[in-house]
file final.cif (mmCIF, C-alpha atoms and all ligand atoms)
data_protein
#
loop_
_atom_site.label_atom_id
_atom_site.label_comp_id
_atom_site.auth_asym_id
_atom_site.auth_seq_id
_atom_site.Cartn_x
_atom_site.Cartn_y
_atom_site.Cartn_z
CA MET A 1307 22.74 -39.77 -196.99
CA LYS A 1308 25.27 -37.17 -198.08
CA PHE A 1309 24.22 -33.89 -199.73
CA PHE A 1310 26.30 -32.48 -202.58
CA ILE A 1311 25.42 -29.37 -204.57
CA ASP A 1312 25.42 -29.79 -208.34
CA THR A 1313 26.72 -26.47 -209.64
CA ALA A 1314 29.85 -24.46 -210.40
CA ASN A 1315 28.18 -21.23 -209.23
CA LEU A 1316 30.19 -19.89 -206.30
CA ALA A 1317 27.33 -17.87 -204.73
CA GLN A 1318 25.08 -20.95 -204.68
CA ILE A 1319 27.91 -23.12 -203.33
CA ARG A 1320 28.48 -20.59 -200.51
CA GLU A 1321 24.74 -20.38 -199.74
CA ALA A 1322 24.39 -24.19 -199.52
CA ASN A 1323 27.58 -24.46 -197.47
CA GLU A 1324 26.29 -21.87 -194.98
CA LEU A 1325 23.29 -24.15 -194.27
CA GLY A 1326 25.82 -26.45 -192.59
CA ILE A 1327 24.52 -29.61 -194.27
CA LEU A 1328 26.75 -29.72 -197.36
CA ASP A 1329 29.10 -32.69 -197.87
CA GLY A 1330 30.51 -31.87 -201.29
CA VAL A 1331 30.15 -30.40 -204.77
CA THR A 1332 29.77 -31.91 -208.24
CA THR A 1333 30.53 -30.04 -211.43
CA ASN A 1334 30.52 -30.98 -215.09
CA PRO A 1335 31.67 -29.24 -218.30
CA SER A 1336 28.16 -27.84 -218.91
CA LEU A 1337 27.98 -26.33 -215.40
CA MET A 1338 31.52 -24.87 -215.70
CA ALA A 1339 30.73 -23.36 -219.14
CA LYS A 1340 27.53 -21.83 -217.69
CA GLU A 1341 29.72 -19.86 -215.24
CA GLY A 1342 31.98 -18.68 -218.10
CA ILE A 1343 35.02 -20.68 -216.88
CA LYS A 1344 37.36 -21.04 -219.89
CA GLY A 1345 40.92 -22.32 -220.28
CA GLU A 1346 43.07 -24.64 -218.13
CA GLU A 1347 44.25 -21.98 -215.66
CA ALA A 1348 40.75 -20.63 -215.03
CA ILE A 1349 39.38 -24.16 -214.60
CA ILE A 1350 42.07 -25.08 -212.05
CA ASN A 1351 41.60 -21.81 -210.16
CA HIS A 1352 37.84 -22.35 -210.04
CA TYR A 1353 38.28 -25.82 -208.52
CA LYS A 1354 40.75 -24.34 -205.99
CA THR A 1355 38.17 -21.73 -204.97
CA ILE A 1356 35.45 -24.39 -204.58
CA CYS A 1357 37.83 -26.47 -202.42
CA ASP A 1358 38.48 -23.39 -200.25
CA ILE A 1359 34.73 -22.88 -199.71
CA VAL A 1360 33.62 -26.48 -199.06
CA ASP A 1361 35.43 -29.02 -196.91
CA GLY A 1362 34.16 -32.13 -198.70
CA ASP A 1363 34.44 -34.17 -201.87
CA ILE A 1364 34.64 -31.99 -205.00
CA SER A 1365 34.09 -33.75 -208.34
CA ALA A 1366 36.16 -32.34 -211.23
CA GLU A 1367 35.42 -33.86 -214.64
CA VAL A 1368 38.06 -34.79 -217.23
CA LEU A 1369 37.51 -33.32 -220.68
CA SER A 1370 39.38 -36.01 -222.61
CA THR A 1371 37.93 -39.37 -223.69
CA THR A 1372 40.93 -41.67 -224.26
CA TYR A 1373 42.57 -43.78 -221.52
CA LEU A 1374 46.03 -42.16 -221.46
CA GLU A 1375 44.68 -38.63 -221.77
CA MET A 1376 42.14 -39.21 -218.98
CA VAL A 1377 44.88 -40.59 -216.70
CA GLU A 1378 47.14 -37.55 -217.38
CA GLU A 1379 44.29 -35.05 -216.99
CA GLY A 1380 42.96 -36.80 -213.87
CA LYS A 1381 46.41 -36.75 -212.23
CA LYS A 1382 46.56 -32.96 -212.75
CA LEU A 1383 43.04 -32.51 -211.32
CA ALA A 1384 43.79 -34.73 -208.31
CA ALA A 1385 46.93 -32.66 -207.60
CA ILE A 1386 44.81 -29.50 -207.11
CA HIS A 1387 43.57 -30.55 -203.63
CA PRO A 1388 43.23 -33.78 -201.62
CA ASN A 1389 39.41 -33.45 -201.75
CA ILE A 1390 39.23 -33.58 -205.56
CA ILE A 1391 37.36 -36.58 -206.96
CA VAL A 1392 38.23 -37.27 -210.61
CA LYS A 1393 35.01 -37.54 -212.61
CA ILE A 1394 35.23 -39.98 -215.52
CA PRO A 1395 32.61 -40.78 -218.17
CA MET A 1396 31.10 -44.28 -218.43
CA ILE A 1397 32.91 -45.41 -221.56
CA LYS A 1398 35.35 -48.28 -222.22
CA ASP A 1399 38.46 -46.12 -221.78
CA GLY A 1400 36.80 -44.53 -218.76
CA ILE A 1401 36.56 -47.93 -217.03
CA LYS A 1402 40.28 -48.52 -217.72
CA ALA A 1403 41.09 -45.07 -216.33
CA ILE A 1404 38.95 -45.65 -213.20
CA LYS A 1405 40.85 -48.91 -212.58
CA TRP A 1406 44.16 -47.04 -212.96
CA PHE A 1407 43.05 -44.37 -210.46
CA THR A 1408 41.76 -47.05 -208.04
CA ASP A 1409 45.12 -48.85 -208.18
CA ASN A 1410 46.91 -45.55 -207.57
CA GLY A 1411 44.81 -44.37 -204.62
CA ILE A 1412 42.92 -41.61 -206.46
CA LYS A 1413 39.17 -41.34 -205.87
CA THR A 1414 36.78 -41.30 -208.84
CA ASN A 1415 33.18 -40.55 -209.75
CA CYS A 1416 31.91 -42.48 -212.78
CA THR A 1417 29.43 -40.19 -214.53
CA LEU A 1418 26.67 -40.66 -217.14
CA ILE A 1419 25.32 -43.91 -215.66
CA PHE A 1420 21.98 -44.91 -217.17
CA SER A 1421 21.80 -48.67 -216.51
CA ALA A 1422 22.51 -51.27 -213.81
CA GLY A 1423 25.05 -52.93 -216.12
CA GLN A 1424 27.08 -49.72 -216.28
CA ALA A 1425 26.87 -49.42 -212.48
CA ILE A 1426 28.22 -52.98 -212.09
CA LEU A 1427 31.19 -52.30 -214.40
CA ALA A 1428 32.06 -49.02 -212.64
CA ALA A 1429 31.92 -50.75 -209.24
CA LYS A 1430 34.15 -53.59 -210.52
CA ALA A 1431 36.70 -50.98 -211.62
CA GLY A 1432 36.61 -49.55 -208.08
CA ALA A 1433 34.84 -46.22 -208.64
CA THR A 1434 34.41 -44.33 -205.37
CA TYR A 1435 31.09 -42.90 -206.60
CA ILE A 1436 28.83 -43.82 -209.51
CA SER A 1437 26.40 -41.20 -210.83
CA PRO A 1438 23.07 -42.34 -212.28
CA PHE A 1439 21.30 -39.38 -213.98
CA ILE A 1440 17.77 -39.83 -212.73
CA GLY A 1441 16.15 -36.66 -214.14
CA ARG A 1442 17.35 -37.45 -217.65
CA ILE A 1443 15.92 -40.98 -217.32
CA ASP A 1444 12.58 -39.43 -216.28
CA ASP A 1445 12.82 -37.17 -219.36
CA SER A 1446 13.10 -40.26 -221.55
CA GLY A 1447 9.82 -41.63 -220.20
CA TRP A 1448 11.06 -44.04 -217.51
CA ASP A 1449 11.43 -43.68 -213.72
CA GLY A 1450 15.01 -42.77 -212.76
CA VAL A 1451 14.52 -43.60 -209.08
CA LEU A 1452 13.83 -47.25 -210.01
CA LEU A 1453 17.40 -47.42 -211.31
CA ILE A 1454 18.72 -46.19 -207.94
CA GLU A 1455 16.65 -48.92 -206.25
CA GLN A 1456 17.98 -51.61 -208.62
CA ILE A 1457 21.64 -50.57 -208.24
CA SER A 1458 21.27 -50.34 -204.45
CA LYS A 1459 19.89 -53.91 -204.36
CA ILE A 1460 22.68 -55.26 -206.59
CA TYR A 1461 25.45 -53.50 -204.62
CA LYS A 1462 24.08 -54.90 -201.33
CA ILE A 1463 23.82 -58.48 -202.66
CA GLN A 1464 27.27 -58.35 -204.27
CA GLY A 1465 29.03 -56.29 -201.60
CA PHE A 1466 30.18 -53.60 -204.07
CA LYS A 1467 31.71 -50.64 -202.24
CA SER A 1468 31.00 -47.79 -204.73
CA GLU A 1469 28.68 -45.12 -203.36
CA ILE A 1470 25.51 -44.41 -205.34
CA LEU A 1471 25.47 -40.68 -206.11
CA ALA A 1472 22.03 -39.77 -207.48
CA ALA A 1473 22.54 -36.99 -210.06
CA SER A 1474 20.34 -34.99 -212.41
CA ILE A 1475 18.03 -34.25 -209.47
CA ARG A 1476 15.25 -31.88 -210.50
CA ASN A 1477 13.17 -31.36 -207.35
CA ALA A 1478 12.78 -32.05 -203.61
CA ASN A 1479 10.66 -35.14 -204.25
CA HIS A 1480 13.54 -36.69 -206.21
CA ILE A 1481 15.74 -36.28 -203.10
CA ILE A 1482 13.16 -37.94 -200.83
CA ARG A 1483 12.61 -40.84 -203.25
CA CYS A 1484 16.37 -41.32 -203.75
CA ALA A 1485 16.87 -41.45 -199.97
CA GLU A 1486 14.15 -44.12 -199.79
CA ALA A 1487 15.68 -46.05 -202.72
CA GLY A 1488 19.08 -46.34 -201.04
CA ALA A 1489 21.17 -43.55 -202.61
CA ASN A 1490 24.30 -42.80 -200.57
CA VAL A 1491 24.52 -39.26 -201.93
CA CYS A 1492 22.20 -36.83 -203.72
CA THR A 1493 23.79 -34.08 -205.77
CA CYS A 1494 21.20 -31.37 -206.19
CA PRO A 1495 20.65 -27.87 -207.52
CA LEU A 1496 20.25 -25.35 -204.66
CA ASP A 1497 16.50 -24.96 -205.41
CA SER A 1498 15.87 -28.68 -204.85
CA ILE A 1499 17.69 -28.60 -201.50
CA LEU A 1500 15.72 -25.53 -200.41
CA GLY A 1501 12.54 -27.21 -201.66
CA LEU A 1502 12.89 -29.71 -198.80
CA LEU A 1503 12.18 -26.85 -196.36
CA LYS A 1504 8.76 -26.11 -197.76
CA HIS A 1505 5.43 -27.14 -196.27
CA PRO A 1506 2.36 -24.85 -196.14
CA LEU A 1507 1.38 -26.14 -192.68
CA THR A 1508 4.80 -25.07 -191.35
CA ASP A 1509 4.17 -21.53 -192.66
CA ILE A 1510 0.62 -21.44 -191.24
CA GLY A 1511 1.79 -22.89 -187.91
CA LEU A 1512 4.64 -20.42 -187.58
CA ALA A 1513 2.40 -17.45 -188.42
CA LYS A 1514 0.02 -18.56 -185.63
CA PHE A 1515 2.89 -19.00 -183.11
CA ILE A 1516 4.20 -15.52 -183.95
CA GLU A 1517 0.70 -14.05 -183.55
CA ASP A 1518 0.12 -15.87 -180.24
CA SER A 1519 3.58 -14.94 -178.94
CA LYS A 1520 2.37 -11.32 -178.84
CA LYS A 1521 -0.20 -12.37 -176.21
CA MET A 1522 2.42 -13.94 -173.97
O1 LIG A 1601 26.11 -33.40 -212.64
C1 LIG A 1601 25.43 -34.07 -213.62
C2 LIG A 1601 23.93 -34.02 -213.58
O2 LIG A 1601 23.49 -33.74 -212.30
C3 LIG A 1601 23.31 -33.20 -214.65
O3 LIG A 1601 21.99 -32.85 -214.37
O4 LIG A 1601 19.96 -31.54 -214.85
O5 LIG A 1601 21.83 -31.59 -216.54
O6 LIG A 1601 20.39 -33.58 -216.19
P1 LIG A 1601 21.00 -32.36 -215.55
#

call {"tool": "encode", "arguments": {"input": "final.cif", "output": "structure tokens", "more": "lines below"}}
Ligand code: G3P
result
Amino acid sequence: MKFFIDTANLAQIREANELGILDGVTTNPSLMAKEGIKGEEAIINHYKTICDIVDGDISAEVLSTTYLEMVEEGKKLAAIHPNIIVKIPMIKDGIKAIKWFTDNGIKTNCTLIFSAGQAILAAKAGATYISPFIGRIDDSGWDGVLLIEQISKIYKIQGFKSEILAASIRNANHIIRCAEAGANVCTCPLDSILGLLKHPLTDIGLAKFIEDSKKM
């Protein structure tokens, strides 16, 4: 399973990258706005900087919502760096745009997936990645990981090639359950990745080894 970090914060991207286990970055308009990135030039420069830090797939989301606008905007984003993945929302025009990018050799990430039906459509259009938002499904009173399981089963039976990119991860347990459910990628906040390190018995065991090492 690949690990992406889900942020536009450069310090966190650097910290995750230094762990040596990072395969890519996902951003969205909310994450970019949180970092105060405003205007076309600043947005493009920010993506360039992220591409310089991480050698992996970098999702850059279109801001438009009509077919022709998404194609034009996506072409500009894809021209920033060969590692840019054009992130397109799961809407009717988005499916048309994903098909256009597929036919023209540009990789895509179909975002805002909340059902297996949406995942099937995105795969049919040739999306490189599809992003089910599991934390937001949990927030609505269902179990987001069950959707990952369902999509994984359908893609295997049907031979769909899109990679399942579990998004809206809120904690380390989400990552473990997504790995078990067949996600190809988890995009996570830094805290959730670091949460995988934690176990009290590791801390107790290490303290004892350090203490005993003084007697050696
Ligand atoms: O990148 C999209 C997704 O991960 C958003 O997560 O926490 O805003 O639901 P969240």

call {"tool": "closest_residue", "arguments": {"input": "final.cif", "among": "A:Lys1402, A:Lys1393, A:Lys1354, A:Lys1504", "to": "ligand LIG 1601 (chain A)", "atoms": "only C-alpha atoms and all ligand atoms"}}
result
A:Lys1393

call {"tool": "atom_distance", "arguments": {"input": "final.cif", "atom1": "atom CA of Leu1337 of chain A", "atom2": "atom CA of Gln1424 of chain A"}}
result
23.4 Å

call {"tool": "closest_residue", "arguments": {"input": "final.cif", "among": "A:Leu1452, A:Leu1325, A:Val1331, A:Leu1427", "to": "ligand LIG 1601 (chain A)", "atoms": "all atoms listed in the file"}}
result
A:Val1331

call {"tool": "closest_atom_pairs", "arguments": {"input": "final.cif", "of": "chain A", "to": "ligand LIG 1601 (chain A)", "cutoff": "7 Å", "atoms": "only C-alpha atoms and all ligand atoms", "output": "Markdown table"}}
result
| residue | atom | partner | partner_atom | distance |
| --- | --- | --- | --- | --- |
| A:Asp1312 | CA | A:LIG1601 | O1 | 5.7 |
| A:Thr1332 | CA | A:LIG1601 | O1 | 5.9 |
| A:Thr1333 | CA | A:LIG1601 | O1 | 5.7 |
| A:Asn1334 | CA | A:LIG1601 | O1 | 5.6 |
| A:Phe1439 | CA | A:LIG1601 | C2 | 6.0 |
| A:Gly1441 | CA | A:LIG1601 | O6 | 5.6 |
| A:Arg1442 | CA | A:LIG1601 | O6 | 5.1 |
| A:Ala1473 | CA | A:LIG1601 | O2 | 4.1 |
| A:Ser1474 | CA | A:LIG1601 | O3 | 3.3 |
| A:Ile1475 | CA | A:LIG1601 | O2 | 6.2 |
| A:Arg1476 | CA | A:LIG1601 | O4 | 6.4 |
| A:Thr1493 | CA | A:LIG1601 | O2 | 6.5 |
| A:Cys1494 | CA | A:LIG1601 | O2 | 6.9 |

call {"tool": "atom_distance", "arguments": {"input": "final.cif", "atom1": "atom CA of Val1392 of chain A", "atom2": "atom CA of Val1368 of chain A"}}
result
7.1 Å

call {"tool": "residues_around", "arguments": {"input": "final.cif", "residues": "Phe1420 of chain A", "least_positions_apart": "6", "cutoff": "12 Å", "atoms": "all atoms listed in the file", "output": "list in words"}}
result
Pro1395, Met1396, Ile1397, Ile1426, Ala1428, Ile1436, Ser1437, Pro1438, Phe1439, Ile1440, Gly1441, Arg1442, Ile1443, Asp1444, Ser1446, Trp1448, Asp1449, Gly1450, Val1451, Leu1452, Leu1453, Ile1454, Gln1456, Ile1457, Ala1472, Ala1473 and Ser1474 of chain A

call {"tool": "closest_residue", "arguments": {"input": "final.cif", "among": "A:Ala1485, A:Ala1433, A:Ile1359, A:Leu1512", "to": "Ala1317 of chain A", "atoms": "only C-alpha atoms"}}
result
A:Ile1359

call {"tool": "atom_distance", "arguments": {"input": "final.cif", "atom1": "atom CA of Ala1322 of chain A", "atom2": "atom CA of Phe1309 of chain A"}}
result
9.7 Å

call {"tool": "closest_residue", "arguments": {"input": "final.cif", "among": "A:Ser1336, A:Ile1460, A:Asn1389, A:Ser1370", "to": "Gly1423 of chain A", "atoms": "all atoms listed in the file"}}
result
A:Ile1460

call {"tool": "residues_around", "arguments": {"input": "final.cif", "residues": "His1387 of chain A", "least_positions_apart": "3", "cutoff": "10 Å", "atoms": "all atoms listed in the file", "output": "PyMOL selection string"}}
result
chain A and resi 1353-1354+1357-1358+1363-1364+1382-1384+1390-1391

call {"tool": "closest_residue", "arguments": {"input": "final.cif", "among": "A:Met1338, A:Ile1510, A:Cys1416, A:Ile1516", "to": "Leu1471 of chain A", "atoms": "all atoms listed in the file"}}
result
A:Cys1416

call {"tool": "residues_near_point", "arguments": {"input": "final.cif", "point": "(20.1, -43.0, -204.2)", "cutoff": "8 Å", "atoms": "only C-alpha atoms", "output": "ChimeraX atom specification"}}
result
/A:1451,1454-1455,1458,1470-1472,1483-1492

call {"tool": "closest_residue", "arguments": {"input": "final.cif", "among": "A:Ile1404, A:Ala1513, A:Ile1386, A:Asn1477", "to": "Glu1347 of chain A", "atoms": "only C-alpha atoms"}}
result
A:Ile1386

call {"tool": "residues_around", "arguments": {"input": "final.cif", "residues": "Asp1329 of chain A", "least_positions_apart": "2", "cutoff": "6 Å", "atoms": "all atoms listed in the file", "output": "PDB file with C-alpha atoms, in the frame of the given file"}}
result
ATOM      1  CA  LYS A1308      25.270 -37.170-198.080  1.00  0.00           C
ATOM      2  CA  PHE A1309      24.220 -33.890-199.730  1.00  0.00           C
ATOM      3  CA  PHE A1310      26.300 -32.480-202.580  1.00  0.00           C
ATOM      4  CA  GLY A1362      34.160 -32.130-198.700  1.00  0.00           C
TER       5      GLY A1362
END

call {"tool": "build_atoms", "arguments": {"input": "final.cif", "residues": "segment 1485-1506 of chain A", "atoms": "N, CA, C and O atoms", "output": "compact mmCIF listing (two decimals), in the coordinates of the input"}}
result
# COMPACT_ATOMS: atom_id res chain seq x y z
N ALA A 1485 16.50 -41.04 -201.34
CA ALA A 1485 16.87 -41.45 -199.97
C ALA A 1485 16.19 -42.79 -199.65
O ALA A 1485 16.81 -43.70 -199.10
N GLU A 1486 14.93 -42.89 -200.04
CA GLU A 1486 14.15 -44.12 -199.79
C GLU A 1486 14.70 -45.30 -200.61
O GLU A 1486 14.68 -46.44 -200.16
N ALA A 1487 15.22 -44.99 -201.81
CA ALA A 1487 15.68 -46.05 -202.72
C ALA A 1487 17.10 -46.52 -202.40
O ALA A 1487 17.59 -47.45 -203.03
N GLY A 1488 17.76 -45.86 -201.45
CA GLY A 1488 19.08 -46.34 -201.04
C GLY A 1488 20.27 -45.57 -201.60
O GLY A 1488 21.40 -46.07 -201.54
N ALA A 1489 20.03 -44.35 -202.13
CA ALA A 1489 21.17 -43.55 -202.61
C ALA A 1489 22.06 -43.18 -201.42
O ALA A 1489 21.56 -42.88 -200.33
N ASN A 1490 23.37 -43.22 -201.62
CA ASN A 1490 24.30 -42.80 -200.57
C ASN A 1490 24.50 -41.30 -200.57
O ASN A 1490 24.86 -40.70 -199.55
N VAL A 1491 24.31 -40.70 -201.75
CA VAL A 1491 24.52 -39.26 -201.93
C VAL A 1491 23.47 -38.75 -202.92
O VAL A 1491 23.09 -39.46 -203.84
N CYS A 1492 22.99 -37.51 -202.69
CA CYS A 1492 22.20 -36.83 -203.72
C CYS A 1492 22.96 -35.57 -204.08
O CYS A 1492 23.34 -34.80 -203.18
N THR A 1493 23.21 -35.37 -205.37
CA THR A 1493 23.79 -34.08 -205.77
C THR A 1493 22.68 -33.28 -206.42
O THR A 1493 22.03 -33.73 -207.36
N CYS A 1494 22.43 -32.08 -205.86
CA CYS A 1494 21.20 -31.37 -206.19
C CYS A 1494 21.48 -29.90 -206.52
O CYS A 1494 22.36 -29.29 -205.92
N PRO A 1495 20.62 -29.32 -207.39
CA PRO A 1495 20.65 -27.87 -207.52
C PRO A 1495 20.19 -27.25 -206.19
O PRO A 1495 19.44 -27.90 -205.44
N LEU A 1496 20.60 -26.01 -205.92
CA LEU A 1496 20.25 -25.35 -204.66
C LEU A 1496 18.73 -25.33 -204.45
O LEU A 1496 18.24 -25.58 -203.34
N ASP A 1497 17.96 -25.04 -205.52
CA ASP A 1497 16.50 -24.96 -205.41
C ASP A 1497 15.88 -26.25 -204.88
O ASP A 1497 14.92 -26.20 -204.11
N SER A 1498 16.43 -27.40 -205.31
CA SER A 1498 15.87 -28.68 -204.85
C SER A 1498 16.16 -28.89 -203.37
O SER A 1498 15.33 -29.41 -202.64
N ILE A 1499 17.36 -28.47 -202.94
CA ILE A 1499 17.69 -28.60 -201.50
C ILE A 1499 16.74 -27.71 -200.70
O ILE A 1499 16.14 -28.15 -199.72
N LEU A 1500 16.58 -26.46 -201.15
CA LEU A 1500 15.72 -25.53 -200.41
C LEU A 1500 14.26 -25.97 -200.46
O LEU A 1500 13.48 -25.68 -199.55
N GLY A 1501 13.91 -26.70 -201.51
CA GLY A 1501 12.54 -27.21 -201.66
C GLY A 1501 12.16 -28.15 -200.52
O GLY A 1501 10.98 -28.30 -200.19
N LEU A 1502 13.17 -28.79 -199.92
CA LEU A 1502 12.89 -29.71 -198.80
C LEU A 1502 12.35 -28.97 -197.57
O LEU A 1502 11.71 -29.57 -196.71
N LEU A 1503 12.62 -27.64 -197.51
CA LEU A 1503 12.18 -26.85 -196.36
C LEU A 1503 10.67 -26.61 -196.37
O LEU A 1503 10.06 -26.37 -195.33
N LYS A 1504 10.11 -26.67 -197.59
CA LYS A 1504 8.76 -26.11 -197.76
C LYS A 1504 7.62 -27.03 -197.33
O LYS A 1504 7.57 -28.19 -197.73
N HIS A 1505 6.73 -26.50 -196.50
CA HIS A 1505 5.43 -27.14 -196.27
C HIS A 1505 4.45 -26.04 -195.84
O HIS A 1505 4.75 -25.28 -194.91
N PRO A 1506 3.29 -25.94 -196.48
CA PRO A 1506 2.36 -24.85 -196.14
C PRO A 1506 1.94 -24.87 -194.68
O PRO A 1506 1.75 -23.81 -194.07
